[in-house]
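**Q** Provided below: structure19.pdb, containing PDB, C-alpha atoms, pLDDT in the B column.
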MODEL        1
ATOM      1  CA  MET C  11       1.883  -2.940  12.176  1.00 50.00           C
ATOM      2  CA  SER C  12      -0.137  -0.361  10.276  1.00 55.00           C
ATOM      3  CA  THR C  13       1.153   3.210  10.219  1.00 59.00           C
ATOM      4  CA  GLN C  14      -2.320   4.683  10.067  1.00 72.00           C
ATOM      5  CA  PRO C  15      -5.732   3.676  11.404  1.00 82.00           C
ATOM      6  CA  ARG C  16      -7.218   0.761   9.501  1.00 89.00           C
ATOM      7  CA  LEU C  17     -10.736   2.121   9.394  1.00 92.00           C
ATOM      8  CA  PRO C  18     -11.865   5.454   7.991  1.00 91.00           C
ATOM      9  CA  SER C  19     -13.128   8.274  10.122  1.00 92.00           C
ATOM     10  CA  ALA C  20     -16.842   8.014  10.862  1.00 94.00           C
ATOM     11  CA  ILE C  21     -17.060  11.801  10.899  1.00 93.00           C
ATOM     12  CA  PRO C  22     -16.947  13.506   7.499  1.00 93.00           C
ATOM     13  CA  ASP C  23     -13.953  15.738   6.884  1.00 92.00           C
ATOM     14  CA  GLN C  24     -12.297  14.650  10.126  1.00 92.00           C
ATOM     15  CA  PRO C  25      -8.949  12.833  10.135  1.00 90.00           C
ATOM     16  CA  GLN C  26      -8.656   9.237  11.278  1.00 89.00           C
ATOM     17  CA  ASN C  27      -7.897   8.943  14.969  1.00 88.00           C
ATOM     18  CA  PHE C  28      -9.130   6.903  17.916  1.00 87.00           C
ATOM     19  CA  ALA C  29     -12.186   9.082  18.492  1.00 88.00           C
ATOM     20  CA  THR C  30     -13.293   9.415  14.881  1.00 91.00           C
ATOM     21  CA  VAL C  31     -12.753   5.743  14.024  1.00 90.00           C
ATOM     22  CA  THR C  32     -14.555   4.412  17.083  1.00 90.00           C
ATOM     23  CA  ALA C  33     -17.390   6.829  16.301  1.00 92.00           C
ATOM     24  CA  HIS C  34     -18.597   4.102  13.916  1.00 94.00           C
ATOM     25  CA  ALA C  35     -20.155   2.556  17.062  1.00 93.00           C
ATOM     26  CA  PRO C  36     -21.150   5.660  19.031  1.00 93.00           C
ATOM     27  CA  ASP C  37     -23.366   4.060  21.680  1.00 92.00           C
ATOM     28  CA  LEU C  38     -20.757   1.442  22.513  1.00 92.00           C
ATOM     29  CA  MET C  39     -17.993   3.969  22.706  1.00 92.00           C
ATOM     30  CA  GLN C  40     -20.014   6.335  24.901  1.00 93.00           C
ATOM     31  CA  ARG C  41     -20.403   3.508  27.420  1.00 92.00           C
ATOM     32  CA  PHE C  42     -16.711   2.722  27.149  1.00 91.00           C
ATOM     33  CA  PHE C  43     -15.777   6.353  27.781  1.00 92.00           C
ATOM     34  CA  ASP C  44     -18.173   6.455  30.758  1.00 93.00           C
ATOM     35  CA  LEU C  45     -16.434   3.397  32.191  1.00 92.00           C
ATOM     36  CA  TYR C  46     -12.967   4.725  31.426  1.00 90.00           C
ATOM     37  CA  ALA C  47     -13.763   8.101  32.969  1.00 91.00           C
ATOM     38  CA  HIS C  48     -14.902   6.308  36.115  1.00 91.00           C
ATOM     39  CA  PHE C  49     -11.522   4.605  36.437  1.00 86.00           C
ATOM     40  CA  TRP C  50      -9.779   7.963  36.404  1.00 87.00           C
ATOM     41  CA  ASN C  51     -12.252   9.909  38.517  1.00 88.00           C
ATOM     42  CA  ASP C  52     -12.633   7.274  41.205  1.00 83.00           C
ATOM     43  CA  ASP C  53     -10.140   8.219  43.923  1.00 80.00           C
ATOM     44  CA  VAL C  54      -9.832   4.813  45.595  1.00 86.00           C
ATOM     45  CA  VAL C  55      -6.548   4.360  43.734  1.00 88.00           C
ATOM     46  CA  GLY C  56      -4.430   7.507  43.465  1.00 90.00           C
ATOM     47  CA  ALA C  57      -3.992   9.234  40.135  1.00 89.00           C
ATOM     48  CA  GLU C  58      -0.198   8.847  40.267  1.00 91.00           C
ATOM     49  CA  ILE C  59      -0.444   5.076  40.593  1.00 92.00           C
ATOM     50  CA  LYS C  60      -2.968   4.843  37.797  1.00 92.00           C
ATOM     51  CA  GLU C  61      -0.848   6.984  35.481  1.00 91.00           C
ATOM     52  CA  MET C  62       2.317   5.027  36.282  1.00 93.00           C
ATOM     53  CA  THR C  63       0.631   1.704  35.624  1.00 92.00           C
ATOM     54  CA  ARG C  64      -1.001   3.041  32.453  1.00 90.00           C
ATOM     55  CA  LEU C  65       2.372   4.140  31.100  1.00 91.00           C
ATOM     56  CA  ARG C  66       4.071   0.931  32.156  1.00 91.00           C
ATOM     57  CA  ASN C  67       1.362  -1.104  30.442  1.00 89.00           C
ATOM     58  CA  ALA C  68       1.802   0.976  27.283  1.00 89.00           C
ATOM     59  CA  ARG C  69       5.532   0.306  27.395  1.00 90.00           C
ATOM     60  CA  ILE C  70       5.044  -3.440  27.855  1.00 88.00           C
ATOM     61  CA  THR C  71       2.524  -3.658  25.019  1.00 87.00           C
ATOM     62  CA  ASP C  72       4.584  -1.254  22.880  1.00 85.00           C
ATOM     63  CA  CYS C  73       1.588   0.955  22.273  1.00 85.00           C
ATOM     64  CA  GLY C  74       2.744   4.288  20.939  1.00 76.00           C
ATOM     65  CA  TYR C  75      -0.730   5.787  21.205  1.00 72.00           C
TER      66      TYR C  75
ATOM     67  CA  MET N  61     -10.843 -12.232  47.712  1.00 56.00           C
ATOM     68  CA  PRO N  62     -14.245 -12.196  49.395  1.00 51.00           C
ATOM     69  CA  THR N  63     -17.287 -11.759  47.215  1.00 50.00           C
ATOM     70  CA  ILE N  64     -20.395  -9.775  47.853  1.00 51.00           C
ATOM     71  CA  ASP N  65     -23.572 -11.800  47.513  1.00 47.00           C
ATOM     72  CA  ALA N  66     -25.912  -8.878  47.251  1.00 44.00           C
ATOM     73  CA  LEU N  67     -26.201  -6.389  44.401  1.00 45.00           C
ATOM     74  CA  ASP N  68     -27.483  -9.047  42.000  1.00 52.00           C
ATOM     75  CA  ALA N  69     -24.054 -10.533  41.412  1.00 54.00           C
ATOM     76  CA  PRO N  70     -24.532 -14.005  39.950  1.00 66.00           C
ATOM     77  CA  SER N  71     -20.889 -14.705  39.190  1.00 76.00           C
ATOM     78  CA  GLN N  72     -17.771 -14.637  41.303  1.00 80.00           C
ATOM     79  CA  LEU N  73     -16.206 -11.920  39.170  1.00 83.00           C
ATOM     80  CA  GLU N  74     -19.231  -9.705  39.617  1.00 83.00           C
ATOM     81  CA  GLY N  75     -19.225 -10.512  43.318  1.00 83.00           C
ATOM     82  CA  ILE N  76     -15.675  -9.202  43.549  1.00 85.00           C
ATOM     83  CA  LEU N  77     -16.330  -6.138  41.418  1.00 85.00           C
ATOM     84  CA  ALA N  78     -19.317  -5.433  43.657  1.00 84.00           C
ATOM     85  CA  HIS N  79     -16.821  -4.046  46.182  1.00 88.00           C
ATOM     86  CA  ARG N  80     -17.020  -1.072  43.823  1.00 88.00           C
ATOM     87  CA  PRO N  81     -20.742  -1.026  42.977  1.00 88.00           C
ATOM     88  CA  GLU N  82     -20.600   1.941  40.609  1.00 90.00           C
ATOM     89  CA  LEU N  83     -17.709   0.330  38.725  1.00 89.00           C
ATOM     90  CA  LEU N  84     -19.660  -2.927  38.432  1.00 87.00           C
ATOM     91  CA  ALA N  85     -22.710  -1.066  37.133  1.00 89.00           C
ATOM     92  CA  LYS N  86     -20.704   0.805  34.489  1.00 90.00           C
ATOM     93  CA  TYR N  87     -18.793  -2.319  33.474  1.00 89.00           C
ATOM     94  CA  ARG N  88     -22.048  -4.256  33.087  1.00 87.00           C
ATOM     95  CA  THR N  89     -23.610  -1.472  31.023  1.00 88.00           C
ATOM     96  CA  PHE N  90     -20.565  -1.386  28.775  1.00 91.00           C
ATOM     97  CA  TYR N  91     -20.110  -5.162  28.509  1.00 89.00           C
ATOM     98  CA  GLN N  92     -23.744  -5.667  27.565  1.00 85.00           C
ATOM     99  CA  SER N  93     -23.347  -3.269  24.643  1.00 87.00           C
ATOM    100  CA  PHE N  94     -21.568  -5.457  22.164  1.00 85.00           C
ATOM    101  CA  TRP N  95     -23.754  -8.454  23.045  1.00 86.00           C
ATOM    102  CA  ASN N  96     -26.949  -6.455  22.510  1.00 86.00           C
ATOM    103  CA  ASP N  97     -26.151  -3.862  19.858  1.00 88.00           C
ATOM    104  CA  GLY N  98     -26.630  -6.307  16.997  1.00 92.00           C
ATOM    105  CA  LEU N  99     -23.510  -5.149  15.165  1.00 95.00           C
ATOM    106  CA  VAL N 100     -21.824  -8.551  15.530  1.00 96.00           C
ATOM    107  CA  PRO N 101     -23.796 -11.828  15.543  1.00 95.00           C
ATOM    108  CA  ARG N 102     -24.016 -13.310  19.034  1.00 92.00           C
ATOM    109  CA  ARG N 103     -22.679 -16.622  17.836  1.00 94.00           C
ATOM    110  CA  THR N 104     -19.585 -14.907  16.407  1.00 96.00           C
ATOM    111  CA  LEU N 105     -18.969 -13.141  19.718  1.00 95.00           C
ATOM    112  CA  GLU N 106     -19.386 -16.382  21.643  1.00 94.00           C
ATOM    113  CA  LEU N 107     -16.964 -18.229  19.361  1.00 96.00           C
ATOM    114  CA  CYS N 108     -14.391 -15.491  19.844  1.00 97.00           C
ATOM    115  CA  ARG N 109     -14.947 -15.301  23.598  1.00 95.00           C
ATOM    116  CA  ARG N 110     -14.362 -19.013  23.942  1.00 95.00           C
ATOM    117  CA  ARG N 111     -11.339 -19.015  21.641  1.00 97.00           C
ATOM    118  CA  ILE N 112      -9.696 -16.274  23.709  1.00 97.00           C
ATOM    119  CA  ALA N 113     -10.495 -18.269  26.855  1.00 96.00           C
ATOM    120  CA  TYR N 114      -8.763 -21.303  25.311  1.00 98.00           C
ATOM    121  CA  ILE N 115      -5.717 -19.188  24.457  1.00 98.00           C
ATOM    122  CA  HIS N 116      -5.502 -18.049  28.079  1.00 98.00           C
ATOM    123  CA  ASP N 117      -6.378 -21.535  29.336  1.00 97.00           C
ATOM    124  CA  CYS N 118      -8.917 -19.776  31.539  1.00 95.00           C
ATOM    125  CA  ALA N 119     -11.153 -22.459  33.007  1.00 93.00           C
ATOM    126  CA  ALA N 120     -13.324 -19.884  34.747  1.00 90.00           C
ATOM    127  CA  GLU N 121     -14.175 -18.200  31.452  1.00 91.00           C
ATOM    128  CA  LEU N 122     -14.726 -21.516  29.663  1.00 92.00           C
ATOM    129  CA  ALA N 123     -17.091 -22.671  32.412  1.00 88.00           C
ATOM    130  CA  VAL N 124     -19.480 -19.922  31.357  1.00 86.00           C
ATOM    131  CA  THR N 125     -21.681 -20.530  28.345  1.00 85.00           C
ATOM    132  CA  ASP N 126     -23.988 -18.187  26.486  1.00 83.00           C
ATOM    133  CA  ALA N 127     -27.473 -19.512  27.201  1.00 77.00           C
ATOM    134  CA  ASP N 128     -28.680 -18.630  23.706  1.00 80.00           C
ATOM    135  CA  VAL N 129     -25.776 -20.002  21.670  1.00 87.00           C
ATOM    136  CA  SER N 130     -25.125 -23.723  21.721  1.00 84.00           C
ATOM    137  CA  LEU N 131     -22.044 -25.165  20.097  1.00 92.00           C
ATOM    138  CA  THR N 132     -21.691 -28.775  19.026  1.00 94.00           C
ATOM    139  CA  GLU N 133     -18.974 -30.946  20.493  1.00 94.00           C
ATOM    140  CA  ALA N 134     -17.175 -30.823  17.161  1.00 96.00           C
ATOM    141  CA  GLU N 135     -17.293 -27.011  17.137  1.00 96.00           C
ATOM    142  CA  GLU N 136     -15.992 -26.858  20.695  1.00 96.00           C
ATOM    143  CA  LEU N 137     -13.103 -29.140  19.774  1.00 97.00           C
ATOM    144  CA  ALA N 138     -12.353 -27.067  16.705  1.00 97.00           C
ATOM    145  CA  LEU N 139     -12.236 -23.926  18.848  1.00 97.00           C
ATOM    146  CA  ALA N 140      -9.944 -25.581  21.354  1.00 97.00           C
ATOM    147  CA  HIS N 141      -7.505 -26.464  18.559  1.00 97.00           C
ATOM    148  CA  ALA N 142      -7.849 -23.263  16.492  1.00 97.00           C
ATOM    149  CA  GLN N 143      -9.306 -25.182  13.545  1.00 97.00           C
ATOM    150  CA  PHE N 144     -11.225 -22.313  12.057  1.00 97.00           C
ATOM    151  CA  ASP N 145     -12.212 -24.018   8.814  1.00 96.00           C
ATOM    152  CA  ALA N 146     -14.961 -25.687  10.851  1.00 94.00           C
ATOM    153  CA  PHE N 147     -16.787 -22.357  10.849  1.00 97.00           C
ATOM    154  CA  ALA N 148     -18.457 -20.088   8.329  1.00 96.00           C
ATOM    155  CA  PRO N 149     -16.166 -17.622   6.516  1.00 96.00           C
ATOM    156  CA  PRO N 150     -17.403 -14.519   8.383  1.00 96.00           C
ATOM    157  CA  GLU N 151     -16.821 -16.335  11.689  1.00 97.00           C
ATOM    158  CA  GLN N 152     -13.370 -17.377  10.509  1.00 98.00           C
ATOM    159  CA  ALA N 153     -12.445 -13.745   9.837  1.00 97.00           C
ATOM    160  CA  ALA N 154     -13.474 -12.799  13.372  1.00 98.00           C
ATOM    161  CA  LEU N 155     -11.688 -15.795  14.888  1.00 98.00           C
ATOM    162  CA  VAL N 156      -8.454 -14.824  13.148  1.00 97.00           C
ATOM    163  CA  LEU N 157      -8.543 -11.473  14.937  1.00 97.00           C
ATOM    164  CA  ALA N 158      -9.437 -13.181  18.205  1.00 97.00           C
ATOM    165  CA  GLU N 159      -6.436 -15.475  17.805  1.00 97.00           C
ATOM    166  CA  PHE N 160      -4.013 -12.568  17.648  1.00 96.00           C
ATOM    167  CA  MET N 161      -5.584 -10.273  20.213  1.00 94.00           C
ATOM    168  CA  PRO N 162      -4.248 -11.687  23.513  1.00 95.00           C
ATOM    169  CA  PHE N 163      -0.521 -12.051  22.791  1.00 94.00           C
ATOM    170  CA  SER N 164       0.178 -11.161  19.160  1.00 93.00           C
ATOM    171  CA  VAL N 165      -1.656  -7.902  18.634  1.00 91.00           C
ATOM    172  CA  HIS N 166       1.299  -6.407  16.730  1.00 91.00           C
ATOM    173  CA  GLN N 167       0.947  -9.157  14.135  1.00 93.00           C
ATOM    174  CA  ILE N 168      -2.605  -8.134  13.244  1.00 93.00           C
ATOM    175  CA  SER N 169      -2.470  -7.062   9.613  1.00 93.00           C
ATOM    176  CA  ASP N 170      -4.434  -4.601   7.523  1.00 93.00           C
ATOM    177  CA  SER N 171      -5.942  -7.490   5.565  1.00 94.00           C
ATOM    178  CA  MET N 172      -7.196  -9.210   8.730  1.00 95.00           C
ATOM    179  CA  VAL N 173      -9.061  -6.085   9.775  1.00 95.00           C
ATOM    180  CA  SER N 174     -10.318  -5.475   6.223  1.00 95.00           C
ATOM    181  CA  ALA N 175     -11.691  -9.006   6.080  1.00 96.00           C
ATOM    182  CA  VAL N 176     -13.791  -8.329   9.177  1.00 97.00           C
ATOM    183  CA  ALA N 177     -14.887  -4.883   8.003  1.00 96.00           C
ATOM    184  CA  GLU N 178     -16.036  -6.460   4.729  1.00 96.00           C
ATOM    185  CA  VAL N 179     -18.418  -8.840   6.482  1.00 96.00           C
ATOM    186  CA  LEU N 180     -19.457  -6.774   9.507  1.00 96.00           C
ATOM    187  CA  GLY N 181     -19.103  -3.239   8.228  1.00 96.00           C
ATOM    188  CA  GLU N 182     -17.069  -0.568   9.950  1.00 95.00           C
ATOM    189  CA  SER N 183     -19.471  -0.393  12.894  1.00 96.00           C
ATOM    190  CA  GLY N 184     -19.326  -4.131  13.412  1.00 96.00           C
ATOM    191  CA  CYS N 185     -15.555  -4.087  13.122  1.00 96.00           C
ATOM    192  CA  VAL N 186     -15.276  -1.486  15.890  1.00 95.00           C
ATOM    193  CA  SER N 187     -17.724  -3.447  18.044  1.00 95.00           C
ATOM    194  CA  LEU N 188     -15.877  -6.736  17.477  1.00 97.00           C
ATOM    195  CA  LEU N 189     -12.437  -5.290  18.223  1.00 95.00           C
ATOM    196  CA  THR N 190     -13.773  -3.760  21.416  1.00 94.00           C
ATOM    197  CA  ALA N 191     -15.410  -7.043  22.402  1.00 95.00           C
ATOM    198  CA  LEU N 192     -12.217  -9.017  21.749  1.00 97.00           C
ATOM    199  CA  SER N 193     -10.259  -6.633  23.961  1.00 95.00           C
ATOM    200  CA  PHE N 194     -12.670  -7.143  26.826  1.00 93.00           C
ATOM    201  CA  PHE N 195     -12.902 -10.894  26.431  1.00 94.00           C
ATOM    202  CA  ASP N 196      -9.153 -10.723  26.919  1.00 95.00           C
ATOM    203  CA  VAL N 197      -9.615  -8.421  29.942  1.00 93.00           C
ATOM    204  CA  ASN N 198     -12.153 -10.784  31.532  1.00 92.00           C
ATOM    205  CA  CYS N 199      -9.799 -13.746  31.235  1.00 94.00           C
ATOM    206  CA  ARG N 200      -6.903 -11.761  32.695  1.00 94.00           C
ATOM    207  CA  MET N 201      -9.027 -10.555  35.608  1.00 92.00           C
ATOM    208  CA  LYS N 202     -10.288 -14.057  36.348  1.00 92.00           C
ATOM    209  CA  LEU N 203      -6.778 -15.479  36.224  1.00 95.00           C
ATOM    210  CA  ALA N 204      -5.252 -12.661  38.304  1.00 94.00           C
ATOM    211  CA  LEU N 205      -8.027 -12.991  40.878  1.00 92.00           C
ATOM    212  CA  ASP N 206      -7.747 -16.794  40.780  1.00 92.00           C
ATOM    213  CA  ILE N 207     -11.460 -17.178  40.252  1.00 89.00           C
ATOM    214  CA  GLU N 208     -12.705 -20.745  40.419  1.00 85.00           C
ATOM    215  CA  PRO N 209     -14.596 -22.166  37.442  1.00 86.00           C
ATOM    216  CA  GLN N 210     -18.288 -21.745  38.094  1.00 79.00           C
ATOM    217  CA  ALA N 211     -20.497 -23.489  35.548  1.00 73.00           C
ATOM    218  CA  ALA N 212     -23.226 -21.129  34.475  1.00 69.00           C
ATOM    219  CA  ALA N 213     -25.392 -20.600  31.452  1.00 66.00           C
ATOM    220  CA  LEU N 214     -25.731 -16.863  31.418  1.00 65.00           C
ATOM    221  CA  THR N 215     -27.346 -14.355  29.174  1.00 60.00           C
ATOM    222  CA  PRO N 216     -25.313 -11.383  28.035  1.00 53.00           C
ATOM    223  CA  THR N 217     -27.174  -9.176  30.506  1.00 54.00           C
ATOM    224  CA  HIS N 218     -24.719 -10.426  33.057  1.00 56.00           C
ATOM    225  CA  LEU N 219     -21.074  -9.589  33.217  1.00 54.00           C
ATOM    226  CA  VAL N 220     -19.508 -12.991  33.338  1.00 57.00           C
TER     227      VAL N 220
ENDMDL
END
Take the structure in the file and give it back as structure tokens.
**A**
Amino acid sequence: MSTQPRLPSAIPDQPQNFATVTAHAPDLMQRFFDLYAHFWNDDVVGAEIKEMTRLRNARITDCGY
Amino acid sequence: MPTIDALDAPSQLEGILAHRPELLAKYRTFYQSFWNDGLVPRRTLELCRRRIAYIHDCAAELAVTDADVSLTEAEELALAHAQFDAFAPPEQAALVLAEFMPFSVHQISDSMVSAVAEVLGESGCVSLLTALSFFDVNCRMKLALDIEPQAAALTPTHLV
């Protein structure tokens, strides 16, 4: 597994991270962030449950990010 | 799980997501993006979508076909058996990533991603990786929800 992002930052003089790398496709990522924000802001499922399942999923997939 | 027939929901998955209409709307808007943004050829996306569906053995996802991309029987068989040399080199590069996305994401190498970035550019690479993730998501949702295969030739304006 790579120890640093595999694509350069799309924003000059900014380090590589999730936001700056995905900025290569800004319209797509804006829609993704809109969707993702909806998951968190929608209160049908409580925030604690969502956070627990998010962390558990990260553990299962071994995603350090 | 009961589906909702209203809200312009042509597929069972959309019918279920329609219990949360705002979620369905945002998911559709997002899902349409990589099909319509032109960063990755539609045929490449369709090949990858179907390959991921084969990996998951997701009949519901395989029952759906892109109305504007038709694959030959030989190509379909090649996809089913991960025989990527049947496809053009840029498609092969994308299919290699698709192969690893569902269950072997930690085995994706720098060179695999570079190969895609070389043919699609950095924008296309981001779009493809996002698309692969959500093809995987769609299969998992359909399997978890036990959605029946529903033959449909859909355009990418629909969330399948």
**Q** Counting only C-alpha atoms, which residues sit no farther than 8 Å from the position (-21.1, -14.2, 10.3) in the file's frame? I'd like them as a PyMOL selection string.
**A** chain N and resi 100-101+104+148-151+179-180
**Q** Once you count only C-alpha atoms, which residues of chain C turn out to be within 10 Å of chain N? Could you give them as a ChimeraX atom specification?
**A** /C:11-20,31-46,48-49,52,54,71-73
**Q** Quick one: distance from atom CA of C:Arg64 to atom CA of N:Val197 in Å, one decimal?
**A**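 Spanning atom CA of C:Arg64 to atom CA of N:Val197 is a straight-line distance of 14.6 Å.
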**Q** Between atom CA of N:Gln152 and atom CA of N:Leu188, measure the distance and give it in Å to one decimal.
**A**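 So the two atoms, atom CA of N:Gln152 and atom CA of N:Leu188, lie 13.0 Å apart.
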**Q** Which residues would end up in the selection if the PyMOL selection byres ((chain N and resi 129) around 10) were applied here, given that I need the answer as a PyMOL selection string?
**A** chain N and resi 102-107+125-128+130-131+213+215
**Q** One decimal, Å: what's the distance from atom CA of C:Asp53 over to atom CA of N:Ala204, could you say?
**A** 22.2 Å
**Q** Kindly reconstruct stretch 20-44 of chain C with N, CA and C atoms and present the result as a PDB file, in the frame of the given file.
**A**
ATOM      1  N   ALA C  20     -15.381   8.068  10.969  1.00 94.00           N
ATOM      2  CA  ALA C  20     -16.842   8.014  10.862  1.00 94.00           C
ATOM      3  C   ALA C  20     -17.435   9.410  10.734  1.00 94.00           C
ATOM      4  N   ILE C  21     -16.578  10.409  10.924  1.00 93.00           N
ATOM      5  CA  ILE C  21     -17.060  11.801  10.899  1.00 93.00           C
ATOM      6  C   ILE C  21     -16.519  12.466   9.634  1.00 93.00           C
ATOM      7  N   PRO C  22     -17.399  12.915   8.756  1.00 93.00           N
ATOM      8  CA  PRO C  22     -16.947  13.506   7.499  1.00 93.00           C
ATOM      9  C   PRO C  22     -15.969  14.643   7.720  1.00 93.00           C
ATOM     10  N   ASP C  23     -14.954  14.667   6.882  1.00 92.00           N
ATOM     11  CA  ASP C  23     -13.953  15.738   6.884  1.00 92.00           C
ATOM     12  C   ASP C  23     -13.082  15.757   8.138  1.00 92.00           C
ATOM     13  N   GLN C  24     -13.166  14.745   8.958  1.00 92.00           N
ATOM     14  CA  GLN C  24     -12.297  14.650  10.126  1.00 92.00           C
ATOM     15  C   GLN C  24     -11.229  13.585   9.886  1.00 92.00           C
ATOM     16  N   PRO C  25     -10.014  13.827  10.356  1.00 90.00           N
ATOM     17  CA  PRO C  25      -8.949  12.833  10.135  1.00 90.00           C
ATOM     18  C   PRO C  25      -9.202  11.569  10.961  1.00 90.00           C
ATOM     19  N   GLN C  26      -8.550  10.492  10.535  1.00 89.00           N
ATOM     20  CA  GLN C  26      -8.656   9.237  11.278  1.00 89.00           C
ATOM     21  C   GLN C  26      -7.883   9.343  12.582  1.00 89.00           C
ATOM     22  N   ASN C  27      -8.563   9.087  13.683  1.00 88.00           N
ATOM     23  CA  ASN C  27      -7.897   8.943  14.969  1.00 88.00           C
ATOM     24  C   ASN C  27      -8.791   8.071  15.838  1.00 88.00           C
ATOM     25  N   PHE C  28      -8.383   7.821  17.075  1.00 87.00           N
ATOM     26  CA  PHE C  28      -9.130   6.903  17.916  1.00 87.00           C
ATOM     27  C   PHE C  28     -10.595   7.330  18.034  1.00 87.00           C
ATOM     28  N   ALA C  29     -10.825   8.588  18.270  1.00 88.00           N
ATOM     29  CA  ALA C  29     -12.186   9.082  18.492  1.00 88.00           C
ATOM     30  C   ALA C  29     -13.041   8.990  17.231  1.00 88.00           C
ATOM     31  N   THR C  30     -12.471   9.375  16.094  1.00 91.00           N
ATOM     32  CA  THR C  30     -13.293   9.415  14.881  1.00 91.00           C
ATOM     33  C   THR C  30     -13.512   8.014  14.296  1.00 91.00           C
ATOM     34  N   VAL C  31     -12.570   7.106  14.520  1.00 90.00           N
ATOM     35  CA  VAL C  31     -12.753   5.743  14.024  1.00 90.00           C
ATOM     36  C   VAL C  31     -13.762   4.988  14.896  1.00 90.00           C
ATOM     37  N   THR C  32     -13.615   5.119  16.205  1.00 90.00           N
ATOM     38  CA  THR C  32     -14.555   4.412  17.083  1.00 90.00           C
ATOM     39  C   THR C  32     -15.952   5.022  17.040  1.00 90.00           C
ATOM     40  N   ALA C  33     -16.070   6.208  16.457  1.00 92.00           N
ATOM     41  CA  ALA C  33     -17.390   6.829  16.301  1.00 92.00           C
ATOM     42  C   ALA C  33     -18.298   6.028  15.367  1.00 92.00           C
ATOM     43  N   HIS C  34     -17.748   5.001  14.707  1.00 94.00           N
ATOM     44  CA  HIS C  34     -18.597   4.102  13.916  1.00 94.00           C
ATOM     45  C   HIS C  34     -19.579   3.344  14.813  1.00 94.00           C
ATOM     46  N   ALA C  35     -19.266   3.228  16.098  1.00 93.00           N
ATOM     47  CA  ALA C  35     -20.155   2.556  17.062  1.00 93.00           C
ATOM     48  C   ALA C  35     -20.347   3.509  18.240  1.00 93.00           C
ATOM     49  N   PRO C  36     -21.093   4.579  18.047  1.00 93.00           N
ATOM     50  CA  PRO C  36     -21.150   5.660  19.031  1.00 93.00           C
ATOM     51  C   PRO C  36     -21.736   5.253  20.388  1.00 93.00           C
ATOM     52  N   ASP C  37     -22.771   4.433  20.386  1.00 92.00           N
ATOM     53  CA  ASP C  37     -23.366   4.060  21.680  1.00 92.00           C
ATOM     54  C   ASP C  37     -22.397   3.229  22.502  1.00 92.00           C
ATOM     55  N   LEU C  38     -21.748   2.283  21.841  1.00 92.00           N
ATOM     56  CA  LEU C  38     -20.757   1.442  22.513  1.00 92.00           C
ATOM     57  C   LEU C  38     -19.636   2.296  23.082  1.00 92.00           C
ATOM     58  N   MET C  39     -19.140   3.190  22.265  1.00 92.00           N
ATOM     59  CA  MET C  39     -17.993   3.969  22.706  1.00 92.00           C
ATOM     60  C   MET C  39     -18.370   4.955  23.811  1.00 92.00           C
ATOM     61  N   GLN C  40     -19.590   5.459  23.805  1.00 93.00           N
ATOM     62  CA  GLN C  40     -20.014   6.335  24.901  1.00 93.00           C
ATOM     63  C   GLN C  40     -19.973   5.575  26.223  1.00 93.00           C
ATOM     64  N   ARG C  41     -20.436   4.317  26.196  1.00 92.00           N
ATOM     65  CA  ARG C  41     -20.403   3.508  27.420  1.00 92.00           C
ATOM     66  C   ARG C  41     -18.970   3.184  27.825  1.00 92.00           C
ATOM     67  N   PHE C  42     -18.120   2.967  26.836  1.00 91.00           N
ATOM     68  CA  PHE C  42     -16.711   2.722  27.149  1.00 91.00           C
ATOM     69  C   PHE C  42     -16.102   3.959  27.798  1.00 91.00           C
ATOM     70  N   PHE C  43     -16.357   5.131  27.220  1.00 92.00           N
ATOM     71  CA  PHE C  43     -15.777   6.353  27.781  1.00 92.00           C
ATOM     72  C   PHE C  43     -16.329   6.641  29.177  1.00 92.00           C
ATOM     73  N   ASP C  44     -17.600   6.309  29.412  1.00 93.00           N
ATOM     74  CA  ASP C  44     -18.173   6.455  30.758  1.00 93.00           C
ATOM     75  C   ASP C  44     -17.425   5.561  31.748  1.00 93.00           C
TER      76      ASP C  44
END
